[in-house]
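Colleague: Pasting work.tsv below, which is TSV, C-alpha atoms.
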```
chain	number	residue	atom	x	y	z
A	1	MET	CA	-70.83	-25.48	-30.09
A	2	ARG	CA	-73.60	-28.04	-29.79
A	3	THR	CA	-76.43	-26.99	-27.48
A	4	ASP	CA	-78.98	-29.67	-28.30
A	5	LEU	CA	-80.15	-32.14	-25.64
A	6	PRO	CA	-81.58	-35.65	-25.95
A	7	ASN	CA	-85.28	-35.90	-26.61
A	8	GLU	CA	-86.97	-36.50	-23.26
A	9	ALA	CA	-90.01	-38.14	-24.90
A	10	ALA	CA	-87.78	-40.89	-26.26
A	11	ARG	CA	-86.62	-41.92	-22.78
A	12	GLN	CA	-88.92	-44.43	-21.11
A	13	ARG	CA	-89.23	-43.98	-17.36
A	14	ARG	CA	-91.64	-44.57	-14.47
A	15	PRO	CA	-92.67	-41.75	-12.14
A	16	THR	CA	-90.88	-42.06	-8.80
A	17	SER	CA	-89.63	-39.94	-5.95
A	18	LYS	CA	-85.90	-39.24	-5.74
A	19	LYS	CA	-85.95	-40.32	-2.10
A	20	MET	CA	-87.81	-43.57	-2.75
A	21	SER	CA	-84.74	-45.77	-3.21
A	22	ALA	CA	-83.14	-44.63	0.06
A	23	ALA	CA	-86.39	-45.24	1.97
A	24	ILE	CA	-86.76	-48.72	0.47
A	25	VAL	CA	-83.21	-49.62	1.48
A	26	ARG	CA	-83.93	-48.59	5.06
A	27	ILE	CA	-87.09	-50.72	5.08
A	28	ALA	CA	-85.14	-53.71	3.76
A	29	VAL	CA	-82.48	-53.31	6.44
A	30	LEU	CA	-85.20	-53.08	9.12
A	31	ILE	CA	-86.88	-56.29	7.90
A	32	PHE	CA	-83.53	-58.09	7.84
A	33	GLU	CA	-82.74	-56.91	11.38
A	34	VAL	CA	-86.10	-58.21	12.66
A	35	GLY	CA	-85.40	-61.63	11.12
A	36	ARG	CA	-81.88	-61.70	12.57
A	37	ARG	CA	-83.13	-60.97	16.08
A	38	CYS	CA	-85.83	-63.64	15.81
A	39	ARG	CA	-83.20	-66.18	14.90
A	40	ALA	CA	-80.85	-65.00	17.66
A	41	ALA	CA	-83.65	-65.45	20.18
A	42	SER	CA	-83.96	-69.13	19.12
A	43	PHE	CA	-87.51	-68.81	17.89
A	44	GLY	CA	-89.19	-67.99	14.68
A	45	GLY	CA	-86.73	-69.76	12.39
A	46	ASN	CA	-89.18	-69.68	9.50
A	47	ILE	CA	-89.95	-66.04	10.24
A	48	ALA	CA	-86.24	-65.26	10.00
A	49	LYS	CA	-85.95	-66.97	6.63
A	50	ILE	CA	-89.02	-65.18	5.31
A	51	ALA	CA	-87.64	-61.85	6.56
A	52	VAL	CA	-84.36	-62.44	4.73
A	53	LEU	CA	-86.17	-63.28	1.50
A	54	ILE	CA	-88.39	-60.23	1.79
A	55	SER	CA	-85.41	-57.97	2.47
A	56	LEU	CA	-83.59	-59.33	-0.59
A	57	ALA	CA	-86.68	-58.75	-2.73
A	58	VAL	CA	-87.04	-55.21	-1.44
A	59	LEU	CA	-83.38	-54.50	-2.08
A	60	ALA	CA	-83.72	-55.80	-5.65
A	61	PHE	CA	-86.69	-53.49	-6.14
A	62	SER	CA	-84.63	-50.61	-4.76
A	63	LEU	CA	-81.74	-51.28	-7.13
A	64	ALA	CA	-84.16	-51.39	-10.03
A	65	ASN	CA	-85.41	-47.97	-9.00
A	66	VAL	CA	-81.90	-46.45	-8.92
A	67	ARG	CA	-81.87	-46.35	-12.71
A	68	THR	CA	-85.39	-44.90	-12.69
A	69	ALA	CA	-84.33	-42.15	-10.29
A	70	THR	CA	-81.33	-41.44	-12.53
A	71	ASN	CA	-83.64	-41.09	-15.51
A	72	ASP	CA	-85.83	-38.75	-13.48
A	73	TRP	CA	-82.90	-36.51	-12.66
A	74	PHE	CA	-81.76	-36.55	-16.27
A	75	ALA	CA	-85.25	-35.73	-17.51
A	76	ASP	CA	-85.51	-32.94	-14.93
A	77	GLY	CA	-82.24	-31.55	-16.20
A	78	VAL	CA	-83.49	-31.62	-19.79
A	79	ALA	CA	-86.70	-29.83	-18.81
A	80	GLU	CA	-84.90	-27.17	-16.77
A	81	TYR	CA	-82.35	-26.59	-19.53
A	82	ARG	CA	-85.04	-26.05	-22.13
A	83	THR	CA	-86.74	-23.45	-19.94
A	84	GLY	CA	-83.48	-21.60	-19.33
A	85	GLN	CA	-83.09	-22.69	-15.70
A	86	PHE	CA	-79.45	-23.61	-16.17
A	87	ALA	CA	-78.51	-23.71	-12.45
A	88	ASP	CA	-81.31	-26.20	-11.72
A	89	ALA	CA	-80.41	-28.16	-14.86
A	90	ALA	CA	-76.79	-28.41	-13.75
A	91	GLU	CA	-77.86	-29.66	-10.31
A	92	ALA	CA	-80.13	-32.31	-11.84
A	93	PHE	CA	-77.44	-33.55	-14.24
A	94	GLU	CA	-74.92	-33.63	-11.38
A	95	ASN	CA	-77.27	-35.83	-9.35
A	96	ALA	CA	-77.74	-38.16	-12.32
A	97	ALA	CA	-73.97	-38.37	-12.84
A	98	VAL	CA	-73.34	-39.22	-9.17
A	99	VAL	CA	-75.77	-42.16	-9.27
A	100	ARG	CA	-74.77	-43.42	-12.70
A	101	PRO	CA	-71.85	-41.70	-14.47
A	102	ALA	CA	-72.34	-41.54	-18.23
A	103	ALA	CA	-70.69	-39.57	-21.00
A	104	GLY	CA	-73.99	-38.10	-22.22
A	105	THR	CA	-74.87	-36.88	-18.73
A	106	PHE	CA	-71.52	-35.11	-18.37
A	107	VAL	CA	-71.88	-33.55	-21.82
A	108	ASN	CA	-75.23	-32.08	-20.83
A	109	LEU	CA	-73.89	-31.00	-17.43
A	110	GLY	CA	-71.12	-29.16	-19.25
A	111	LEU	CA	-73.64	-27.41	-21.49
A	112	ALA	CA	-75.65	-26.24	-18.48
A	113	GLU	CA	-72.53	-24.98	-16.72
A	114	TRP	CA	-71.34	-23.18	-19.85
A	115	GLN	CA	-74.69	-21.43	-20.22
A	116	ARG	CA	-74.32	-20.26	-16.60
A	117	GLY	CA	-70.96	-18.73	-17.47
A	118	HIS	CA	-68.98	-21.34	-15.52
A	119	ALA	CA	-66.24	-22.24	-17.99
A	120	GLY	CA	-64.18	-24.26	-15.48
A	121	PRO	CA	-66.92	-26.72	-14.44
A	122	ALA	CA	-68.02	-26.99	-18.09
A	123	ILE	CA	-64.56	-27.97	-19.30
A	124	LEU	CA	-64.16	-30.41	-16.41
A	125	SER	CA	-67.53	-32.05	-17.23
A	126	TRP	CA	-66.61	-32.52	-20.89
A	127	GLU	CA	-63.23	-33.93	-19.91
A	128	ARG	CA	-65.03	-36.40	-17.64
A	129	ALA	CA	-67.26	-37.34	-20.57
A	130	ARG	CA	-64.16	-38.08	-22.64
A	131	TRP	CA	-62.69	-40.08	-19.73
A	132	ILE	CA	-65.71	-42.39	-19.90
A	133	ASP	CA	-66.06	-42.38	-23.70
A	134	PRO	CA	-63.06	-41.10	-25.70
A	135	PHE	CA	-65.15	-41.38	-28.88
A	136	ASP	CA	-67.83	-38.91	-27.75
A	137	LYS	CA	-67.98	-36.36	-30.56
A	138	SER	CA	-70.04	-33.78	-28.67
A	139	ALA	CA	-67.56	-33.62	-25.77
A	140	ARG	CA	-64.64	-33.20	-28.15
A	141	GLU	CA	-66.34	-30.46	-30.18
A	142	ASN	CA	-67.44	-28.57	-27.07
A	143	LEU	CA	-63.95	-28.74	-25.58
A	144	ASN	CA	-62.41	-27.39	-28.78
A	145	PHE	CA	-64.90	-24.51	-28.87
A	146	ALA	CA	-64.48	-23.68	-25.17
A	147	ARG	CA	-60.70	-23.61	-25.41
A	148	GLN	CA	-60.85	-21.36	-28.45
A	149	VAL	CA	-63.09	-18.93	-26.56
A	150	THR	CA	-61.06	-19.01	-23.32
A	151	GLN	CA	-57.71	-19.22	-25.17
A	152	LEU	CA	-56.61	-22.21	-23.12
A	153	ASP	CA	-54.37	-25.00	-24.33
A	154	GLU	CA	-55.11	-28.70	-24.01
A	155	PRO	CA	-53.32	-30.54	-21.20
A	156	GLN	CA	-49.83	-31.67	-22.07
A	157	LEU	CA	-49.87	-35.47	-22.03
A	158	LYS	CA	-46.99	-37.91	-22.01
A	159	TRP	CA	-46.84	-40.48	-24.80
A	160	PHE	CA	-48.34	-43.29	-22.71
A	161	GLU	CA	-51.11	-40.95	-21.54
A	162	THR	CA	-51.91	-40.08	-25.15
A	163	LEU	CA	-52.04	-43.78	-25.85
A	164	SER	CA	-54.45	-44.32	-22.96
A	165	ILE	CA	-57.14	-42.03	-24.43
A	166	TRP	CA	-57.57	-44.25	-27.48
A	167	LEU	CA	-59.92	-46.52	-25.50
A	168	PRO	CA	-61.97	-46.25	-22.29
A	169	PRO	CA	-60.02	-47.15	-19.11
A	170	ALA	CA	-61.97	-50.38	-18.53
A	171	ALA	CA	-61.28	-51.53	-22.09
A	172	TRP	CA	-57.52	-51.38	-21.51
A	173	LEU	CA	-57.86	-53.59	-18.43
A	174	TRP	CA	-59.85	-56.19	-20.33
A	175	LEU	CA	-57.41	-56.05	-23.24
A	176	ALA	CA	-54.43	-56.54	-20.94
A	177	GLY	CA	-56.04	-59.54	-19.22
A	178	ALA	CA	-57.22	-61.18	-22.44
A	179	SER	CA	-53.90	-60.76	-24.24
A	180	LEU	CA	-51.92	-62.09	-21.28
A	181	TRP	CA	-54.09	-65.20	-21.02
A	182	LEU	CA	-53.84	-65.68	-24.77
A	183	ALA	CA	-50.04	-65.62	-24.65
A	184	VAL	CA	-49.87	-67.92	-21.62
A	185	GLY	CA	-52.43	-70.29	-23.11
A	186	MET	CA	-50.62	-70.64	-26.41
A	187	ILE	CA	-47.39	-71.43	-24.54
A	188	LEU	CA	-48.72	-73.86	-21.92
A	189	LEU	CA	-51.79	-75.53	-23.44
A	190	PRO	CA	-50.23	-77.56	-26.31
A	191	PRO	CA	-48.05	-79.68	-23.95
A	192	VAL	CA	-50.98	-80.09	-21.55
A	193	VAL	CA	-53.23	-81.51	-24.28
A	194	ARG	CA	-50.26	-83.49	-25.67
A	195	ARG	CA	-50.00	-81.66	-28.94
A	196	GLN	CA	-46.90	-80.44	-30.64
A	197	LYS	CA	-46.48	-76.68	-30.75
A	198	ALA	CA	-47.28	-75.35	-34.17
A	199	GLY	CA	-46.14	-72.14	-35.79
A	200	TRP	CA	-49.50	-70.49	-35.28
A	201	HIS	CA	-49.28	-71.21	-31.54
A	202	GLN	CA	-46.04	-69.27	-31.34
A	203	SER	CA	-47.43	-66.50	-33.54
A	204	LEU	CA	-50.49	-66.07	-31.33
A	205	ALA	CA	-48.34	-66.14	-28.21
A	206	ALA	CA	-46.06	-63.44	-29.62
A	207	CYS	CA	-49.05	-61.38	-30.73
A	208	GLY	CA	-50.69	-61.70	-27.32
A	209	LEU	CA	-47.47	-60.68	-25.57
A	210	CYS	CA	-47.09	-57.61	-27.80
A	211	VAL	CA	-50.68	-56.54	-27.17
A	212	PHE	CA	-50.19	-57.09	-23.45
A	213	LEU	CA	-47.11	-54.85	-23.34
A	214	PHE	CA	-48.94	-52.25	-25.45
A	215	SER	CA	-51.96	-52.28	-23.14
A	216	LEU	CA	-49.68	-52.22	-20.09
A	217	ALA	CA	-48.32	-48.87	-21.23
A	218	ALA	CA	-51.86	-47.62	-21.85
A	219	ASN	CA	-52.97	-48.73	-18.37
A	220	TRP	CA	-50.04	-46.86	-16.88
A	221	GLY	CA	-51.24	-43.82	-18.83
A	222	VAL	CA	-54.72	-44.20	-17.32
A	223	VAL	CA	-53.25	-44.28	-13.81
A	224	SER	CA	-51.07	-41.29	-14.58
A	225	ARG	CA	-54.04	-39.27	-15.86
A	226	THR	CA	-55.97	-39.70	-12.60
A	227	ASN	CA	-54.02	-36.76	-11.14
A	228	LEU	CA	-55.07	-34.47	-14.00
A	229	GLY	CA	-57.57	-31.79	-13.05
A	230	PHE	CA	-58.94	-28.37	-13.95
A	231	VAL	CA	-59.44	-25.08	-12.17
A	232	LEU	CA	-63.12	-24.45	-11.41
A	233	GLU	CA	-63.33	-20.87	-10.20
A	234	ASN	CA	-62.35	-17.57	-11.77
A	235	ASN	CA	-59.18	-16.05	-10.33
A	236	ALA	CA	-58.66	-18.98	-7.96
A	237	PRO	CA	-55.62	-18.13	-5.82
A	238	LEU	CA	-52.55	-20.33	-6.03
A	239	LEU	CA	-51.10	-20.27	-2.52
A	240	LEU	CA	-47.60	-20.73	-1.20
A	241	THR	CA	-48.82	-22.68	1.85
A	242	PRO	CA	-51.94	-24.85	2.48
A	243	THR	CA	-53.63	-22.29	4.75
A	244	ARG	CA	-56.54	-19.91	4.32
A	245	ASP	CA	-54.33	-16.89	4.81
A	246	GLY	CA	-51.38	-18.27	2.83
A	247	GLU	CA	-49.36	-15.98	0.58
A	248	MET	CA	-50.76	-15.85	-2.94
A	249	ILE	CA	-48.38	-16.79	-5.75
A	250	SER	CA	-50.75	-15.98	-8.61
A	251	THR	CA	-54.34	-16.43	-9.76
A	252	LEU	CA	-55.56	-19.26	-11.99
A	253	THR	CA	-57.84	-19.22	-15.01
A	254	PRO	CA	-61.05	-21.32	-14.95
A	255	GLY	CA	-60.56	-24.39	-17.11
A	256	GLU	CA	-56.77	-24.29	-16.77
A	257	SER	CA	-55.26	-27.76	-16.45
A	258	ALA	CA	-52.91	-28.82	-13.67
A	259	ARG	CA	-51.56	-31.96	-12.00
A	260	GLU	CA	-52.36	-32.94	-8.44
A	261	ILE	CA	-49.19	-33.78	-6.53
A	262	ARG	CA	-50.68	-34.51	-3.12
A	263	THR	CA	-53.56	-33.63	-0.81
A	264	LEU	CA	-53.41	-32.03	2.61
A	265	GLY	CA	-56.68	-31.36	4.42
A	266	ASP	CA	-58.82	-29.03	2.31
A	267	PHE	CA	-56.03	-28.25	-0.14
A	268	TYR	CA	-54.42	-29.75	-3.24
A	269	LEU	CA	-50.78	-29.23	-4.10
A	270	ILE	CA	-50.90	-28.80	-7.88
A	271	ARG	CA	-48.43	-28.19	-10.66
A	272	THR	CA	-49.45	-26.08	-13.65
A	273	GLU	CA	-47.39	-25.62	-16.81
A	274	SER	CA	-45.29	-22.92	-15.14
A	275	GLN	CA	-45.67	-23.03	-11.35
A	276	THR	CA	-46.50	-25.11	-8.29
A	277	GLY	CA	-48.67	-24.20	-5.32
A	278	TRP	CA	-51.67	-24.98	-3.17
A	279	VAL	CA	-55.30	-24.53	-4.13
A	280	LYS	CA	-58.52	-25.14	-2.22
A	281	ARG	CA	-60.23	-28.43	-2.98
A	282	GLU	CA	-63.50	-26.76	-4.01
A	283	GLN	CA	-61.60	-24.71	-6.60
A	284	PHE	CA	-60.05	-27.68	-8.39
A	285	GLY	CA	-61.65	-30.80	-9.85
A	286	LEU	CA	-59.99	-34.05	-10.92
A	287	VAL	CA	-61.03	-35.69	-14.17
A	288	SER	CA	-61.21	-39.06	-12.44
A	289	ARG	CA	-64.04	-38.44	-9.98
A	290	GLU	CA	-63.17	-38.94	-6.31
```
Let's see the structure in the file written out as structure tokens.
Modeller:
Amino acid sequence: MRTDLPNEAARQRRPTSKKMSAAIVRIAVLIFEVGRRCRAASFGGNIAKIAVLISLAVLAFSLANVRTATNDWFADGVAEYRTGQFADAAEAFENAAVVRPAAGTFVNLGLAEWQRGHAGPAILSWERARWIDPFDKSARENLNFARQVTQLDEPQLKWFETLSIWLPPAAWLWLAGASLWLAVGMILLPPVVRRQKAGWHQSLAACGLCVFLFSLAANWGVVSRTNLGFVLENNAPLLLTPTRDGEMISTLTPGESAREIRTLGDFYLIRTESQTGWVKREQFGLVSRE
């Protein structure tokens, strides 16, 4: 299993407080509100315009600092991991992933969770890394190792779901749109520009239509995989009813895969390979982040 982390010295960043961006946004909103009230009071028209411009500039500065704050959290996670503070490292990587989800961040979050002995959150993090980037080698290797250790099987996917993991979800959307427009363009454009349809027009249209149907199946697989999740806690109870004192059907293994059927309050109705029941929301995490 890989346990190496990116070199912090190679990541360029500016020192900043994690709360700076939120404070700047509040200042921008306050400036904008002052300008709005000046304009509503029928005086200070120029002041209102200046206030709007200043608020936009401050907001732009805040957005620029979001990436910096993300880098800070990532760098904090790297530092904490290297000193053996795996709980703090996991918290830092989680913060970085919330602001800006990235495959590398989830890989490192999984490593920190694994070192803490939390197999469920580790497997979920690596699955989220693969959701973003199916080509991530580290996530794939770590998942294989973790499942060998925990003796868990990979989730059983339908054929269109297996197809959907060949590319990132956004790539399938772009491919579907591009191929559809290609097919439509090759059919409609020649008459519009008063040209006779050639053989290559029909070939491109047929090719575009085939790719569109192919990507349509993959997009359906992406949607279908959004209900895939993993058990987070050891011996998480699978309940007969969505209540705190519900009858327990069985206990679940951390990292075990299941499908969400529906949500009711603080509970998920899930289906594992062999049984169906209710589990608390904090004990089950979906691959597609909520």
Colleague: Name all residues at most 10 Å from Asn144 of chain A (count all atoms listed in the file; drop same-chain ones fewer than 6 positions away) and give them as a list in words.
Modeller: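 With the cut-off at 10 Å, the set is Met1, Ile123, Ser138, Leu152, Asp153 and Glu154 of chain A.
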Colleague: I'd like the contact shell of segment 73-79 of chain A - 6 Å cut-off, only C-alpha atoms, skipping same-chain residues fewer than 3 positions apart - returned as a ChimeraX atom specification.
Modeller: /A:70,82,89,92-93,96
Colleague: Residues within 7 Å of Phe106 of chain A, please, as a ChimeraX atom specification. Count all atoms listed in the file; anything in the same chain fewer than 2 positions from it doesn't count.
Modeller: /A:97,102-104,108-110,125-126,128-129
Colleague: What does the distance between atom CA of Phe160 of chain A and atom CA of Trp181 of chain A come to in Å, to one decimal place?
Modeller: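 These atoms are spaced 22.7 Å apart.
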Colleague: Go ahead and find all residues with at least one atom no further than 9 Å from (-48.3, -23.9, -8.1) in the file's coordinates, using all atoms listed in the file; report them as a list in words.
Modeller: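 Residues with an atom close enough to that point: Leu238, Leu239, Leu240, Ile249, Ser250, Ala258, Leu269, Ile270, Arg271, Thr272, Glu273, Ser274, Gln275, Thr276, Gly277, Trp278 and Val279 of chain A.
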Colleague: Measure the distance from atom CA of Gly185 of chain A to atom CA of Phe214 of chain A in Å and round it to one decimal.
Modeller: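 Separation of atom CA of Gly185 of chain A and atom CA of Phe214 of chain A: 18.5 Å.
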Colleague: Nearest residue to Arg289 of chain A out of A:Asn227, A:Ser257, A:Thr241, A:Asn234, using only C-alpha atoms?
Modeller: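 Closest to Arg289 of chain A of all the choices is A:Asn227.
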Colleague: Counting all atoms listed in the file, which residues in segment 114-182 of chain A sit no more than 8 Å from segment 280-288 of chain A? For each one, give the nearest pair of atoms and the distance in Å, sorted by chain then residue number, as a tab-separated table.
Modeller:
```
residue	atom	partner	partner_atom	distance
A:Leu124	CA	A:Val287	CA	6.5
A:Glu127	CA	A:Val287	CA	6.4
A:Arg128	CA	A:Val287	CA	5.3
A:Trp131	CA	A:Val287	CA	7.3
```
Colleague: Would you pick out the contacts of Ile187 of chain A at 9 Å or less, using only C-alpha atoms, so that residues sharing its chain but fewer than 5 positions from it are not included, and give the list as a list in words?
Modeller: Leu182, Lys197, His201, Gln202 and Ala205 of chain A
Colleague: Restricting the calculation to only C-alpha atoms: of A:Asp88, A:Gly229, A:Ser203, A:Pro242, which residue gets closest to Thr263 of chain A?
Modeller: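 Using only C-alpha atoms, the shortest distance to Thr263 of chain A belongs to A:Pro242.
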Colleague: How many Å lie between atom CA of Leu213 of chain A and atom CA of Ser164 of chain A, rounded to one decimal?
Modeller: 12.8 Å
Colleague: Given the choices A:Leu157, A:Gly208, A:Thr162, A:Gln151, which gets closest to Ser179 of chain A if the distance is worked out from only C-alpha atoms?
Modeller: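 Looking at the shortest contact to Ser179 of chain A, the residue is A:Gly208.
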Colleague: Taking 4 positions as the minimum chain separation for residues in the same chain, which residues sit within 10 Å of Phe135 of chain A when counting only C-alpha atoms? Answer as a PyMOL selection string.
Modeller: chain A and resi 103+129-131+139-140+165-168
Colleague: Looking at A:Val192, A:Ala119, A:Val184, A:Ala198, which one is nearest to Val231 of chain A, with distances taken over only C-alpha atoms?
Modeller: A:Ala119
Colleague: Between A:Leu209, A:Glu161, A:Gly265, A:Met186, single out the one closest to Thr226 of chain A, counting all atoms listed in the file.
Modeller: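 Closest to Thr226 of chain A of all the choices is A:Glu161.
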